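Q: I have a structure here, written as structure tokens, and I will follow up with some questions on it.
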Amino acid sequence: MRSPSPTSILAVSAFALAACRGEVSEDPPVTLIRNMHNQPKYKAQAAGKFFADGRAMRQPVEGTLSVEAFEEDDERSTGVASDAQGYVLDIPKKAAAAFGGVDALVARGKERFGIYCAPCHGLIGDGNGTVAKRGFTGIASLHQDRIRRSPDGQLYATITNGVRTMPGYAAQIPMNDRWAIVAYVRVLELSQAVSAK
């Protein structure tokens, strides 16, 4: 039996493609889960029959906070001094008060550090975490003089916004927890300075 010639294969292919003309159908589309398309809902600015005032849009419940909750204290939320000339030198007292004192602040910082920071920086902050052991280079040791001498607000801003290959953690770590991590980093620095002597 002879194999088909390239010309005959081309002719059959052209005939098959000609059958697919893409005509518009008047039939409704096939929908497997119809309730995803037909949902009872109100659209913004629409009239509504459910509420007595006839409005579909409602005021938020009293006390509702947005995802980006407003923080009056810019120094605490950004780590930048109010005069915008530099960073906050020390952890704000309100951050420690949020946890009920410095001991609770450091304990919370240790917990959050273990979750978010230790994979890269290591449990003691030396830059030899699991990620570094897997071959990723350039992870900073938190015991460098440059970091030890930096203001607390700068560490906070680094955690918030990221730096170089480190991403910002503002979306994952709440504001007070970021300050708690700064407090724990300072404790780590002191403990390693003592053990190095």
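By order of appearance in the structure tokens: chains A, B, ..., then residues from 1 within every chain, and ligands from 1 in the order shown.
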Looking only at the backbone, which of the residues in chain A does DSSP tag as strand (DSSP E), as a PyMOL selection string?

A: chain A and resi 162-163+166-167

Q: Emit the selected residues as a compact mmCIF listing (two decimals), in the first residue's frame, including C-alpha atoms.

A:
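Output contents, as saved in part.txt:
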# COMPACT_ATOMS: atom_id res chain seq x y z
CA GLY A 162 12.37 45.66 51.29
CA VAL A 163 15.86 46.34 49.98
CA MET A 166 14.70 41.25 50.00
CA PRO A 167 10.99 41.88 49.36

Q: For Gly153 in chain A, please output as a compact mmCIF listing (two decimals) with C-alpha atoms, in the first residue's frame all residues within 10 Å (counting only C-alpha atoms; exclusion window: fewer than 3 positions along the same chain).

A:
# COMPACT_ATOMS: atom_id res chain seq x y z
CA GLU A 75 6.73 57.91 62.67
CA ARG A 76 5.31 54.63 63.89
CA SER A 77 3.84 53.63 60.54
CA THR A 78 6.83 54.56 58.34
CA GLY A 79 9.89 54.54 60.61
CA VAL A 80 10.79 57.99 59.30
CA ALA A 81 11.22 60.86 61.78
CA GLY A 86 16.13 60.73 58.96
CA TYR A 87 14.79 57.61 60.62
CA VAL A 88 13.28 57.13 64.07
CA LEU A 89 16.13 56.30 66.42
CA ASP A 90 14.26 54.02 68.85
CA ILE A 91 11.24 51.74 68.79
CA PRO A 92 8.14 53.85 69.55
CA SER A 150 21.44 51.88 61.80
CA TYR A 156 11.57 48.90 60.31
CA ALA A 157 11.50 50.63 56.89
CA THR A 158 13.62 47.82 55.42
CA ILE A 159 11.18 45.19 56.70
CA TRP A 179 8.44 46.76 65.35
CA VAL A 182 13.15 45.11 65.14

Q: Name the closest residue to Arg149 in chain A among the candidates A:Asn176, A:Arg186, A:Asn161, A:His121; distances are taken between atoms, counting only C-alpha atoms.

A: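 Among A:Asn176, A:Arg186, A:Asn161, A:His121, it is A:Arg186 that comes nearest to Arg149 in chain A.
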
Q: What is the distance between CA of Asp74 in chain A and CA of Cys120 in chain A, in Å to one decimal?

A: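 Computed distance, CA of Asp74 in chain A to CA of Cys120 in chain A, equals 29.0 Å.
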
Q: Identify which of the residues A:Ala14, A:Ala96, A:Val106, A:Ala118 lies closest to Thr130 in chain A, counting only C-alpha atoms when measuring atom-to-atom distances.

A: A:Ala118

Q: Write down as a ChimeraX atom specification the residues of range 37-92 of chain A whose backbone DSSP state falls under alpha helix (DSSP H).

A: /A:74-78

Q: Give me, as a PyMOL selection string, all polymer residues having an atom no more than 10 Å from Ser141 in chain A, counting only C-alpha atoms and skipping those fewer than 2 positions away in the same chain.

A: chain A and resi 120-122+124-128+138-139+143-147

Q: For Glu111 in chain A, list every protein, DNA or RNA residue within 12 Å, evaluated using only C-alpha atoms, and leave out those in the same chain fewer than 3 positions away; present the list as a list of chain:residue names.

A: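 What passes the distance filter is A:Ala104, A:Leu105, A:Val106, A:Ala107, A:Arg108, A:Gly114, A:Ile115, A:Tyr116, A:Cys117, A:Ala118, A:Leu123, A:Ile173, A:Asp177, A:Arg178, A:Ala180, A:Ile181, A:Ala183, A:Tyr184, A:Val185.
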
Q: Just how far from CA of Lys43 in chain A is CA of Met57 in chain A, in Å to one decimal?

A: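 Value for the CA of Met57 in chain A-CA of Lys43 in chain A distance: 8.1 Å.
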
Q: So which one's closest to Gly109 in chain A, A:Pro174, A:Pro28, A:Pro40, A:Gly135? Using only C-alpha atoms, please.

A: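 Selected residue with least distance to Gly109 in chain A: A:Pro174.
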
Q: Quick one: distance from CA of Ala47 in chain A to CA of Gly63 in chain A in Å, one decimal?

A: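 So the two atoms, CA of Ala47 in chain A and CA of Gly63 in chain A, lie 25.7 Å apart.
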
Q: For Arg148 in chain A, which residue among A:Thr160, A:Gln192, A:Gln85, A:Thr7 is the nearest when counting only C-alpha atoms?

A: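 Under the stated criterion, the closest residue is A:Gln192.
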
Q: Which residue out of A:Leu188, A:Ile9, A:Ala132, A:Met175 has the minimum interatomic distance to Ala95 in chain A when only C-alpha atoms are used?

A: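 Ranked by minimum distance to Ala95 in chain A, first place goes to A:Met175.
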